[in-house]
file structure_4.csv (CSV, C-alpha atoms)
chain,number,residue,atom,x,y,z
A,13,MET,CA,12.8,10.8,2.1
A,14,SER,CA,13.5,11.7,-1.5
A,15,LEU,CA,11.3,10.3,-4.3
A,16,ILE,CA,14.1,8.1,-5.7
A,17,ASP,CA,14.7,6.7,-2.1
A,18,GLU,CA,11.0,5.9,-1.8
A,19,ILE,CA,11.1,4.0,-5.1
A,20,LYS,CA,14.2,2.1,-4.0
A,21,GLU,CA,12.7,1.3,-0.7
A,22,ASN,CA,9.3,0.1,-2.0
A,23,LYS,CA,10.9,-1.5,-5.1
A,24,ILE,CA,7.6,-1.7,-7.1
A,25,VAL,CA,6.4,0.8,-9.7
A,26,ALA,CA,3.0,0.0,-11.2
A,27,VAL,CA,2.7,0.8,-14.9
A,28,ILE,CA,-0.8,1.8,-15.7
A,29,ARG,CA,-2.0,1.8,-19.3
A,30,LYS,CA,-5.5,2.6,-20.7
A,31,ALA,CA,-6.8,4.2,-17.6
A,32,ASN,CA,-9.3,7.1,-17.7
A,33,GLU,CA,-10.6,9.9,-15.5
A,34,GLU,CA,-13.3,7.7,-14.0
A,35,ASN,CA,-11.2,4.7,-13.0
A,36,ILE,CA,-7.8,6.2,-12.2
A,37,VAL,CA,-8.5,7.2,-8.6
A,38,PRO,CA,-10.1,3.8,-7.7
A,39,ILE,CA,-7.1,2.1,-9.3
A,40,LEU,CA,-4.6,4.1,-7.3
A,41,GLU,CA,-6.7,3.6,-4.1
A,42,ALA,CA,-6.7,-0.1,-4.6
A,43,LEU,CA,-2.9,-0.2,-5.2
A,44,ALA,CA,-2.2,2.0,-2.2
A,45,LYS,CA,-4.3,-0.3,0.0
A,46,GLY,CA,-2.1,-3.1,-1.2
A,47,GLY,CA,1.1,-1.2,-0.4
A,48,VAL,CA,2.1,-0.1,-4.0
A,49,THR,CA,2.6,3.7,-3.7
A,50,SER,CA,4.6,4.5,-6.9
A,51,VAL,CA,2.9,4.5,-10.3
A,52,GLU,CA,3.5,5.6,-13.9
A,53,ILE,CA,0.5,6.5,-16.0
A,54,THR,CA,1.6,6.0,-19.6
A,55,ALA,CA,1.6,9.1,-21.8
A,56,GLU,CA,0.0,7.4,-24.9
A,57,THR,CA,-3.2,7.2,-22.9
A,58,PRO,CA,-5.9,9.6,-24.3
A,59,ASN,CA,-6.3,12.7,-22.2
A,60,VAL,CA,-3.3,11.7,-20.1
A,61,THR,CA,-2.8,15.2,-18.7
A,62,ARG,CA,-6.4,15.4,-17.3
A,63,ILE,CA,-6.0,11.9,-15.9
A,64,ILE,CA,-2.8,12.9,-14.1
A,65,GLU,CA,-4.4,16.0,-12.8
A,66,THR,CA,-7.3,14.0,-11.5
A,67,ALA,CA,-5.0,11.5,-9.8
A,68,VAL,CA,-2.8,14.2,-8.2
A,69,LYS,CA,-5.8,16.1,-6.9
A,70,HIS,CA,-7.5,13.1,-5.3
A,71,ILE,CA,-4.7,10.8,-4.2
A,72,GLY,CA,-1.4,12.6,-4.8
A,73,ASP,CA,-0.7,12.8,-1.1
A,74,GLN,CA,-0.7,9.0,-0.9
A,75,VAL,CA,0.8,7.9,-4.2
A,76,ASN,CA,3.9,9.0,-6.2
A,77,ILE,CA,2.3,9.7,-9.5
A,78,GLY,CA,4.6,9.7,-12.5
A,79,ALA,CA,4.2,9.5,-16.3
A,80,GLY,CA,5.5,6.7,-18.4
A,81,THR,CA,6.2,6.1,-22.1
A,82,VAL,CA,7.4,9.7,-22.4
A,83,LEU,CA,9.1,10.0,-25.7
A,84,ASP,CA,10.0,13.6,-26.1
A,85,PRO,CA,10.5,16.9,-24.2
A,86,GLU,CA,7.2,18.3,-25.3
A,87,THR,CA,5.3,15.5,-23.7
A,88,ALA,CA,7.5,15.6,-20.6
A,89,ARG,CA,6.6,19.2,-20.0
A,90,GLN,CA,2.9,18.6,-20.5
A,91,VAL,CA,2.8,15.8,-17.9
A,92,ILE,CA,5.1,17.7,-15.5
A,93,MET,CA,2.7,20.7,-15.7
A,94,ALA,CA,-0.2,18.3,-15.0
A,95,GLY,CA,1.5,17.2,-11.8
A,96,ALA,CA,3.7,14.2,-12.6
A,97,THR,CA,6.5,13.9,-10.1
A,98,PHE,CA,8.7,11.7,-12.2
A,99,ILE,CA,9.2,10.7,-15.8
A,100,VAL,CA,9.8,7.2,-17.2
A,101,SER,CA,10.7,6.5,-20.9
A,102,PRO,CA,11.2,3.4,-23.0
A,103,THR,CA,14.2,5.2,-24.8
A,104,LEU,CA,17.0,7.6,-24.0
A,105,ASN,CA,16.2,11.1,-25.3
A,106,LEU,CA,18.8,13.7,-24.3
A,107,GLU,CA,16.5,16.6,-25.0
A,108,THR,CA,14.0,15.1,-22.5
A,109,MET,CA,16.8,14.7,-20.0
A,110,THR,CA,17.7,18.4,-20.4
A,111,LEU,CA,14.1,19.5,-19.8
A,112,THR,CA,13.5,17.3,-16.7
A,113,ASN,CA,16.8,18.5,-15.3
A,114,ARG,CA,15.7,22.1,-15.9
A,115,TYR,CA,12.5,21.4,-13.8
A,116,GLY,CA,14.2,19.3,-11.2
A,117,VAL,CA,12.1,16.3,-12.0
A,118,LEU,CA,13.3,12.7,-11.6
A,119,ASN,CA,13.8,11.1,-15.1
A,120,ILE,CA,14.2,7.4,-15.5
A,121,PRO,CA,15.2,6.9,-19.1
A,122,GLY,CA,14.9,3.6,-21.0
A,123,VAL,CA,18.3,2.0,-21.8
A,124,LEU,CA,19.7,-1.3,-22.8
A,125,THR,CA,23.4,-1.2,-23.7
A,126,PRO,CA,26.2,-0.1,-21.4
A,127,THR,CA,26.9,2.9,-23.6
A,128,GLU,CA,23.3,4.1,-23.3
A,129,ILE,CA,23.4,3.7,-19.6
A,130,GLN,CA,26.6,5.7,-19.2
A,131,THR,CA,25.3,8.3,-21.6
A,132,ALA,CA,22.2,8.7,-19.4
A,133,TYR,CA,24.3,9.1,-16.3
A,134,GLU,CA,26.5,11.7,-18.0
A,135,HIS,CA,23.3,13.7,-18.7
A,136,GLY,CA,22.0,13.6,-15.1
A,137,ALA,CA,20.1,10.4,-14.7
A,138,GLN,CA,19.8,9.1,-11.1
A,139,MET,CA,18.2,5.8,-12.2
A,140,VAL,CA,17.7,4.1,-15.5
A,141,LYS,CA,15.1,1.7,-16.8
A,142,VAL,CA,16.6,-1.4,-18.4
A,143,PHE,CA,14.1,-2.4,-21.1
A,144,PRO,CA,13.0,-4.8,-22.3
A,145,ALA,CA,14.3,-6.8,-19.4
A,146,ASP,CA,12.8,-10.2,-20.3
A,147,ALA,CA,14.6,-10.2,-23.6
A,148,PHE,CA,18.0,-10.6,-21.8
A,149,GLY,CA,17.1,-11.8,-18.3
A,150,PRO,CA,18.4,-11.1,-14.8
A,151,ASN,CA,22.1,-12.1,-15.5
A,152,TYR,CA,22.3,-9.4,-18.1
A,153,VAL,CA,21.6,-6.8,-15.5
A,154,LYS,CA,24.1,-8.4,-13.1
A,155,ASN,CA,26.8,-8.3,-15.8
A,156,ILE,CA,26.1,-4.6,-16.5
A,157,LEU,CA,26.4,-3.7,-12.9
A,158,GLY,CA,29.9,-5.3,-12.6
A,159,PRO,CA,31.7,-2.5,-14.6
A,160,LEU,CA,29.0,0.1,-13.7
A,161,PRO,CA,28.5,-0.3,-10.0
A,162,HIS,CA,27.2,3.2,-9.6
A,163,VAL,CA,24.1,2.5,-11.8
A,164,GLN,CA,20.8,2.3,-10.1
A,165,ALA,CA,18.6,0.2,-12.4
A,166,MET,CA,14.9,-0.4,-12.6
A,167,VAL,CA,13.8,-3.2,-14.9
A,168,THR,CA,10.6,-3.3,-17.0
A,169,GLY,CA,9.2,-5.8,-19.5
A,170,GLY,CA,7.9,-9.2,-18.6
A,171,ILE,CA,8.3,-8.7,-14.9
A,172,THR,CA,6.0,-11.1,-12.9
A,173,LEU,CA,5.5,-12.2,-9.3
A,174,ASP,CA,7.6,-15.3,-10.1
A,175,ASN,CA,10.7,-13.6,-11.5
A,176,MET,CA,10.9,-10.1,-10.0
A,177,ASN,CA,13.0,-11.2,-7.0
A,178,GLU,CA,15.5,-12.8,-9.3
A,179,TYR,CA,16.0,-9.4,-10.9
A,180,LEU,CA,16.2,-7.6,-7.5
A,181,SER,CA,18.7,-10.2,-6.2
A,182,LYS,CA,21.0,-9.4,-9.2
A,183,GLY,CA,21.2,-5.8,-8.1
A,184,CYS,CA,18.2,-4.0,-9.6
A,185,LYS,CA,16.8,-1.4,-7.3
A,186,ALA,CA,13.2,-1.5,-8.5
A,187,VAL,CA,10.8,-3.3,-10.9
A,188,GLY,CA,8.2,-1.8,-13.2
A,189,ILE,CA,5.2,-4.1,-13.5
A,190,GLY,CA,2.5,-3.6,-16.1
A,191,SER,CA,-0.5,-5.8,-17.0
A,192,ASN,CA,0.6,-8.6,-14.7
A,193,LEU,CA,-0.4,-6.2,-11.8
A,194,VAL,CA,-2.8,-3.7,-13.3
A,195,ASN,CA,-5.1,-4.3,-16.3
A,196,ALA,CA,-7.2,-1.1,-16.3
A,197,ALA,CA,-9.5,-2.2,-19.0
A,198,SER,CA,-10.6,-5.3,-17.0
A,199,LEU,CA,-11.6,-3.4,-13.8
A,200,ASN,CA,-15.3,-3.1,-13.8
A,201,SER,CA,-16.6,-3.8,-10.4
A,202,GLU,CA,-15.9,-3.4,-6.7
A,203,ASP,CA,-14.7,-7.0,-6.6
A,204,ASP,CA,-12.2,-6.3,-9.4
A,205,TYR,CA,-10.6,-3.5,-7.3
A,206,LYS,CA,-10.5,-5.7,-4.3
A,207,GLN,CA,-8.6,-8.3,-6.4
A,208,LEU,CA,-6.2,-5.6,-7.5
A,209,THR,CA,-5.5,-4.8,-3.9
A,210,GLU,CA,-4.9,-8.5,-3.2
A,211,ARG,CA,-2.5,-8.7,-6.2
A,212,ALA,CA,-0.6,-5.6,-4.9
A,213,LYS,CA,-0.3,-7.2,-1.5
A,214,GLN,CA,1.2,-10.4,-3.1
A,215,TYR,CA,3.8,-8.4,-4.9
A,216,VAL,CA,4.7,-6.4,-1.8
A,217,ALA,CA,4.9,-9.5,0.3
A,218,LYS,CA,7.2,-11.1,-2.3
A,219,VAL,CA,9.6,-8.2,-2.1
A,220,THR,CA,9.9,-8.6,1.6
A,221,GLU,CA,11.2,-12.2,1.1
A,222,LEU,CA,14.5,-10.8,-0.1
call {"tool": "encode", "arguments": {"input": "structure_4.csv", "output": "structure tokens"}}
result
Amino acid sequence: MSLIDEIKENKIVAVIRKANEENIVPILEALAKGGVTSVEITAETPNVTRIIETAVKHIGDQVNIGAGTVLDPETARQVIMAGATFIVSPTLNLETMTLTNRYGVLNIPGVLTPTEIQTAYEHGAQMVKVFPADAFGPNYVKNILGPLPHVQAMVTGGITLDNMNEYLSKGCKAVGIGSNLVNAASLNSEDDYKQLTERAKQYVAKVTEL
């Protein structure tokens, strides 16, 4: 199964901010135990390349490890060389699209308007990230997909356990979930990681209700 098909099948991408080399593997292990197997480690995180390398080395066979908040082609190349298997951005940067196409790496650029979405597709996007989703809501995505039925959209921004299925039912293929699922700075004990696994299970169970 291709990476994009896995993301579409599992529907959940965990967005991990402020992780470090010590806690990234326990975080990913806890998520995987809960059934969440696609993650983006955000690129503004200090030492992000070493964190990605550590994650790929220790748990890359169980989790699809991507990089998020990638703003430019220079950062994209660094995280790809570190082992990131996909790239997610908050914006549409065509130079980044060119670079990821060159390396054959899935790029999910951030878009909002129909023009941005179509531009992303014309430059090789297979999926786009509608962001910030909560500023416009599920019906906005539904309205976009009417004239653009070929679009495969992931939504990020304010996605919660309570609203994610509404977005998915309107035609989104996946949801990106940040601190509502993973708050790396608050994970300090074995019980914290167990609770993370339980939260992951809740999200996975919610998706199966569709």
call {"tool": "residues_around", "arguments": {"input": "structure_4.csv", "residues": "Thr103 in chain A", "least_positions_apart": "6", "cutoff": "7 Å", "atoms": "all atoms listed in the file", "output": "JSON, numbers by chain"}}
result
{"A": [121, 122, 123]}
call {"tool": "atom_distance", "arguments": {"input": "structure_4.csv", "atom1": "CA of Glu107 in chain A", "atom2": "CA of Ile16 in chain A"}}
result
21.2 Å
call {"tool": "closest_residue", "arguments": {"input": "structure_4.csv", "among": "A:Ala165, A:Leu15, A:Ile39, A:Ala96", "to": "Ser201 in chain A", "atoms": "only C-alpha atoms"}}
result
A:Ile39
call {"tool": "atom_distance", "arguments": {"input": "structure_4.csv", "atom1": "CA of Gly47 in chain A", "atom2": "CA of Val60 in chain A"}}
result
24.0 Å
call {"tool": "atom_distance", "arguments": {"input": "structure_4.csv", "atom1": "CA of Thr54 in chain A", "atom2": "CA of Val37 in chain A"}}
result
15.0 Å
call {"tool": "residues_around", "arguments": {"input": "structure_4.csv", "residues": "range 174-187 of chain A", "least_positions_apart": "5", "cutoff": "8 Å", "atoms": "all atoms listed in the file", "output": "PDB file with C-alpha atoms, in the coordinates of the input"}}
result
ATOM      1  CA  ILE A  19      11.100   4.000  -5.100  1.00  0.00           C
ATOM      2  CA  LYS A  20      14.200   2.100  -4.000  1.00  0.00           C
ATOM      3  CA  ASN A  22       9.300   0.100  -2.000  1.00  0.00           C
ATOM      4  CA  LYS A  23      10.900  -1.500  -5.100  1.00  0.00           C
ATOM      5  CA  ILE A  24       7.600  -1.700  -7.100  1.00  0.00           C
ATOM      6  CA  VAL A  25       6.400   0.800  -9.700  1.00  0.00           C
ATOM      7  CA  GLY A 149      17.100 -11.800 -18.300  1.00  0.00           C
ATOM      8  CA  PRO A 150      18.400 -11.100 -14.800  1.00  0.00           C
ATOM      9  CA  ASN A 151      22.100 -12.100 -15.500  1.00  0.00           C
ATOM     10  CA  VAL A 153      21.600  -6.800 -15.500  1.00  0.00           C
ATOM     11  CA  LYS A 154      24.100  -8.400 -13.100  1.00  0.00           C
ATOM     12  CA  LEU A 157      26.400  -3.700 -12.900  1.00  0.00           C
ATOM     13  CA  GLN A 164      20.800   2.300 -10.100  1.00  0.00           C
ATOM     14  CA  ALA A 165      18.600   0.200 -12.400  1.00  0.00           C
ATOM     15  CA  MET A 166      14.900  -0.400 -12.600  1.00  0.00           C
ATOM     16  CA  VAL A 167      13.800  -3.200 -14.900  1.00  0.00           C
ATOM     17  CA  THR A 168      10.600  -3.300 -17.000  1.00  0.00           C
ATOM     18  CA  LYS A 218       7.200 -11.100  -2.300  1.00  0.00           C
ATOM     19  CA  VAL A 219       9.600  -8.200  -2.100  1.00  0.00           C
ATOM     20  CA  LEU A 222      14.500 -10.800  -0.100  1.00  0.00           C
TER      21      LEU A 222
END
call {"tool": "residues_around", "arguments": {"input": "structure_4.csv", "residues": "Ile53 in chain A", "least_positions_apart": "3", "cutoff": "6 Å", "atoms": "all atoms listed in the file", "output": "count of residues only"}}
result
3
call {"tool": "decode", "arguments": {"input": "structure_4.csv", "residues": "range 24-47 of chain A", "atoms": "N, CA, C and O atoms", "output": "PDB file, in the first residue's frame"}}
result
ATOM      1  N   ILE A  24      -5.910   9.557  10.295  1.00  0.00           N
ATOM      2  CA  ILE A  24      -5.401  10.408  11.367  1.00  0.00           C
ATOM      3  C   ILE A  24      -3.901  10.610  11.206  1.00  0.00           C
ATOM      4  O   ILE A  24      -3.149   9.645  11.071  1.00  0.00           O
ATOM      5  N   VAL A  25      -3.479  11.877  11.223  1.00  0.00           N
ATOM      6  CA  VAL A  25      -2.061  12.217  11.252  1.00  0.00           C
ATOM      7  C   VAL A  25      -1.820  13.028  12.522  1.00  0.00           C
ATOM      8  O   VAL A  25      -2.424  14.089  12.708  1.00  0.00           O
ATOM      9  N   ALA A  26      -0.980  12.515  13.402  1.00  0.00           N
ATOM     10  CA  ALA A  26      -0.671  13.236  14.636  1.00  0.00           C
ATOM     11  C   ALA A  26       0.398  14.288  14.356  1.00  0.00           C
ATOM     12  O   ALA A  26       1.419  14.000  13.731  1.00  0.00           O
ATOM     13  N   VAL A  27       0.149  15.506  14.814  1.00  0.00           N
ATOM     14  CA  VAL A  27       1.093  16.610  14.643  1.00  0.00           C
ATOM     15  C   VAL A  27       1.834  16.790  15.970  1.00  0.00           C
ATOM     16  O   VAL A  27       1.221  17.128  16.992  1.00  0.00           O
ATOM     17  N   ILE A  28       3.154  16.568  15.936  1.00  0.00           N
ATOM     18  CA  ILE A  28       3.944  16.563  17.170  1.00  0.00           C
ATOM     19  C   ILE A  28       4.865  17.771  17.212  1.00  0.00           C
ATOM     20  O   ILE A  28       5.771  17.914  16.389  1.00  0.00           O
ATOM     21  N   ARG A  29       4.627  18.640  18.173  1.00  0.00           N
ATOM     22  CA  ARG A  29       5.468  19.826  18.372  1.00  0.00           C
ATOM     23  C   ARG A  29       6.259  19.707  19.673  1.00  0.00           C
ATOM     24  O   ARG A  29       5.798  19.080  20.641  1.00  0.00           O
ATOM     25  N   LYS A  30       7.442  20.290  19.690  1.00  0.00           N
ATOM     26  CA  LYS A  30       8.264  20.414  20.907  1.00  0.00           C
ATOM     27  C   LYS A  30       8.685  19.067  21.483  1.00  0.00           C
ATOM     28  O   LYS A  30       8.868  18.937  22.695  1.00  0.00           O
ATOM     29  N   ALA A  31       8.839  18.080  20.607  1.00  0.00           N
ATOM     30  CA  ALA A  31       9.412  16.813  21.059  1.00  0.00           C
ATOM     31  C   ALA A  31      10.934  16.952  21.111  1.00  0.00           C
ATOM     32  O   ALA A  31      11.504  17.952  20.662  1.00  0.00           O
ATOM     33  N   ASN A  32      11.609  15.944  21.665  1.00  0.00           N
ATOM     34  CA  ASN A  32      13.068  15.953  21.688  1.00  0.00           C
ATOM     35  C   ASN A  32      13.581  14.538  21.467  1.00  0.00           C
ATOM     36  O   ASN A  32      12.792  13.596  21.315  1.00  0.00           O
ATOM     37  N   GLU A  33      14.887  14.389  21.448  1.00  0.00           N
ATOM     38  CA  GLU A  33      15.469  13.079  21.147  1.00  0.00           C
ATOM     39  C   GLU A  33      15.152  12.046  22.225  1.00  0.00           C
ATOM     40  O   GLU A  33      15.180  10.847  21.955  1.00  0.00           O
ATOM     41  N   GLU A  34      14.868  12.502  23.435  1.00  0.00           N
ATOM     42  CA  GLU A  34      14.596  11.574  24.528  1.00  0.00           C
ATOM     43  C   GLU A  34      13.155  11.072  24.522  1.00  0.00           C
ATOM     44  O   GLU A  34      12.887   9.923  24.882  1.00  0.00           O
ATOM     45  N   ASN A  35      12.204  11.930  24.135  1.00  0.00           N
ATOM     46  CA  ASN A  35      10.815  11.494  24.253  1.00  0.00           C
ATOM     47  C   ASN A  35      10.148  11.120  22.931  1.00  0.00           C
ATOM     48  O   ASN A  35       9.025  10.616  22.933  1.00  0.00           O
ATOM     49  N   ILE A  36      10.812  11.351  21.804  1.00  0.00           N
ATOM     50  CA  ILE A  36      10.129  11.101  20.536  1.00  0.00           C
ATOM     51  C   ILE A  36       9.785   9.633  20.346  1.00  0.00           C
ATOM     52  O   ILE A  36       8.685   9.299  19.879  1.00  0.00           O
ATOM     53  N   VAL A  37      10.675   8.727  20.712  1.00  0.00           N
ATOM     54  CA  VAL A  37      10.381   7.302  20.520  1.00  0.00           C
ATOM     55  C   VAL A  37       9.252   6.837  21.445  1.00  0.00           C
ATOM     56  O   VAL A  37       8.310   6.180  20.985  1.00  0.00           O
ATOM     57  N   PRO A  38       9.269   7.174  22.744  1.00  0.00           N
ATOM     58  CA  PRO A  38       8.116   6.817  23.589  1.00  0.00           C
ATOM     59  C   PRO A  38       6.795   7.402  23.091  1.00  0.00           C
ATOM     60  O   PRO A  38       5.748   6.751  23.183  1.00  0.00           O
ATOM     61  N   ILE A  39       6.839   8.621  22.553  1.00  0.00           N
ATOM     62  CA  ILE A  39       5.618   9.217  22.010  1.00  0.00           C
ATOM     63  C   ILE A  39       5.095   8.383  20.848  1.00  0.00           C
ATOM     64  O   ILE A  39       3.900   8.036  20.795  1.00  0.00           O
ATOM     65  N   LEU A  40       5.978   8.040  19.924  1.00  0.00           N
ATOM     66  CA  LEU A  40       5.542   7.288  18.752  1.00  0.00           C
ATOM     67  C   LEU A  40       5.112   5.883  19.124  1.00  0.00           C
ATOM     68  O   LEU A  40       4.168   5.335  18.541  1.00  0.00           O
ATOM     69  N   GLU A  41       5.782   5.282  20.084  1.00  0.00           N
ATOM     70  CA  GLU A  41       5.368   3.954  20.555  1.00  0.00           C
ATOM     71  C   GLU A  41       3.974   4.011  21.163  1.00  0.00           C
ATOM     72  O   GLU A  41       3.141   3.129  20.900  1.00  0.00           O
ATOM     73  N   ALA A  42       3.709   5.046  21.959  1.00  0.00           N
ATOM     74  CA  ALA A  42       2.391   5.180  22.585  1.00  0.00           C
ATOM     75  C   ALA A  42       1.315   5.390  21.530  1.00  0.00           C
ATOM     76  O   ALA A  42       0.222   4.802  21.616  1.00  0.00           O
ATOM     77  N   LEU A  43       1.599   6.216  20.529  1.00  0.00           N
ATOM     78  CA  LEU A  43       0.628   6.442  19.457  1.00  0.00           C
ATOM     79  C   LEU A  43       0.375   5.162  18.668  1.00  0.00           C
ATOM     80  O   LEU A  43      -0.770   4.828  18.354  1.00  0.00           O
ATOM     81  N   ALA A  44       1.442   4.440  18.349  1.00  0.00           N
ATOM     82  CA  ALA A  44       1.300   3.215  17.563  1.00  0.00           C
ATOM     83  C   ALA A  44       0.475   2.179  18.319  1.00  0.00           C
ATOM     84  O   ALA A  44      -0.362   1.485  17.724  1.00  0.00           O
ATOM     85  N   LYS A  45       0.677   2.082  19.619  1.00  0.00           N
ATOM     86  CA  LYS A  45      -0.122   1.157  20.427  1.00  0.00           C
ATOM     87  C   LYS A  45      -1.600   1.525  20.366  1.00  0.00           C
ATOM     88  O   LYS A  45      -2.468   0.658  20.468  1.00  0.00           O
ATOM     89  N   GLY A  46      -1.869   2.809  20.207  1.00  0.00           N
ATOM     90  CA  GLY A  46      -3.253   3.275  20.115  1.00  0.00           C
ATOM     91  C   GLY A  46      -3.817   3.227  18.712  1.00  0.00           C
ATOM     92  O   GLY A  46      -4.987   3.555  18.507  1.00  0.00           O
ATOM     93  N   GLY A  47      -2.984   2.866  17.725  1.00  0.00           N
ATOM     94  CA  GLY A  47      -3.467   2.730  16.357  1.00  0.00           C
ATOM     95  C   GLY A  47      -3.193   3.905  15.445  1.00  0.00           C
ATOM     96  O   GLY A  47      -3.610   3.903  14.289  1.00  0.00           O
TER      97      GLY A  47
END
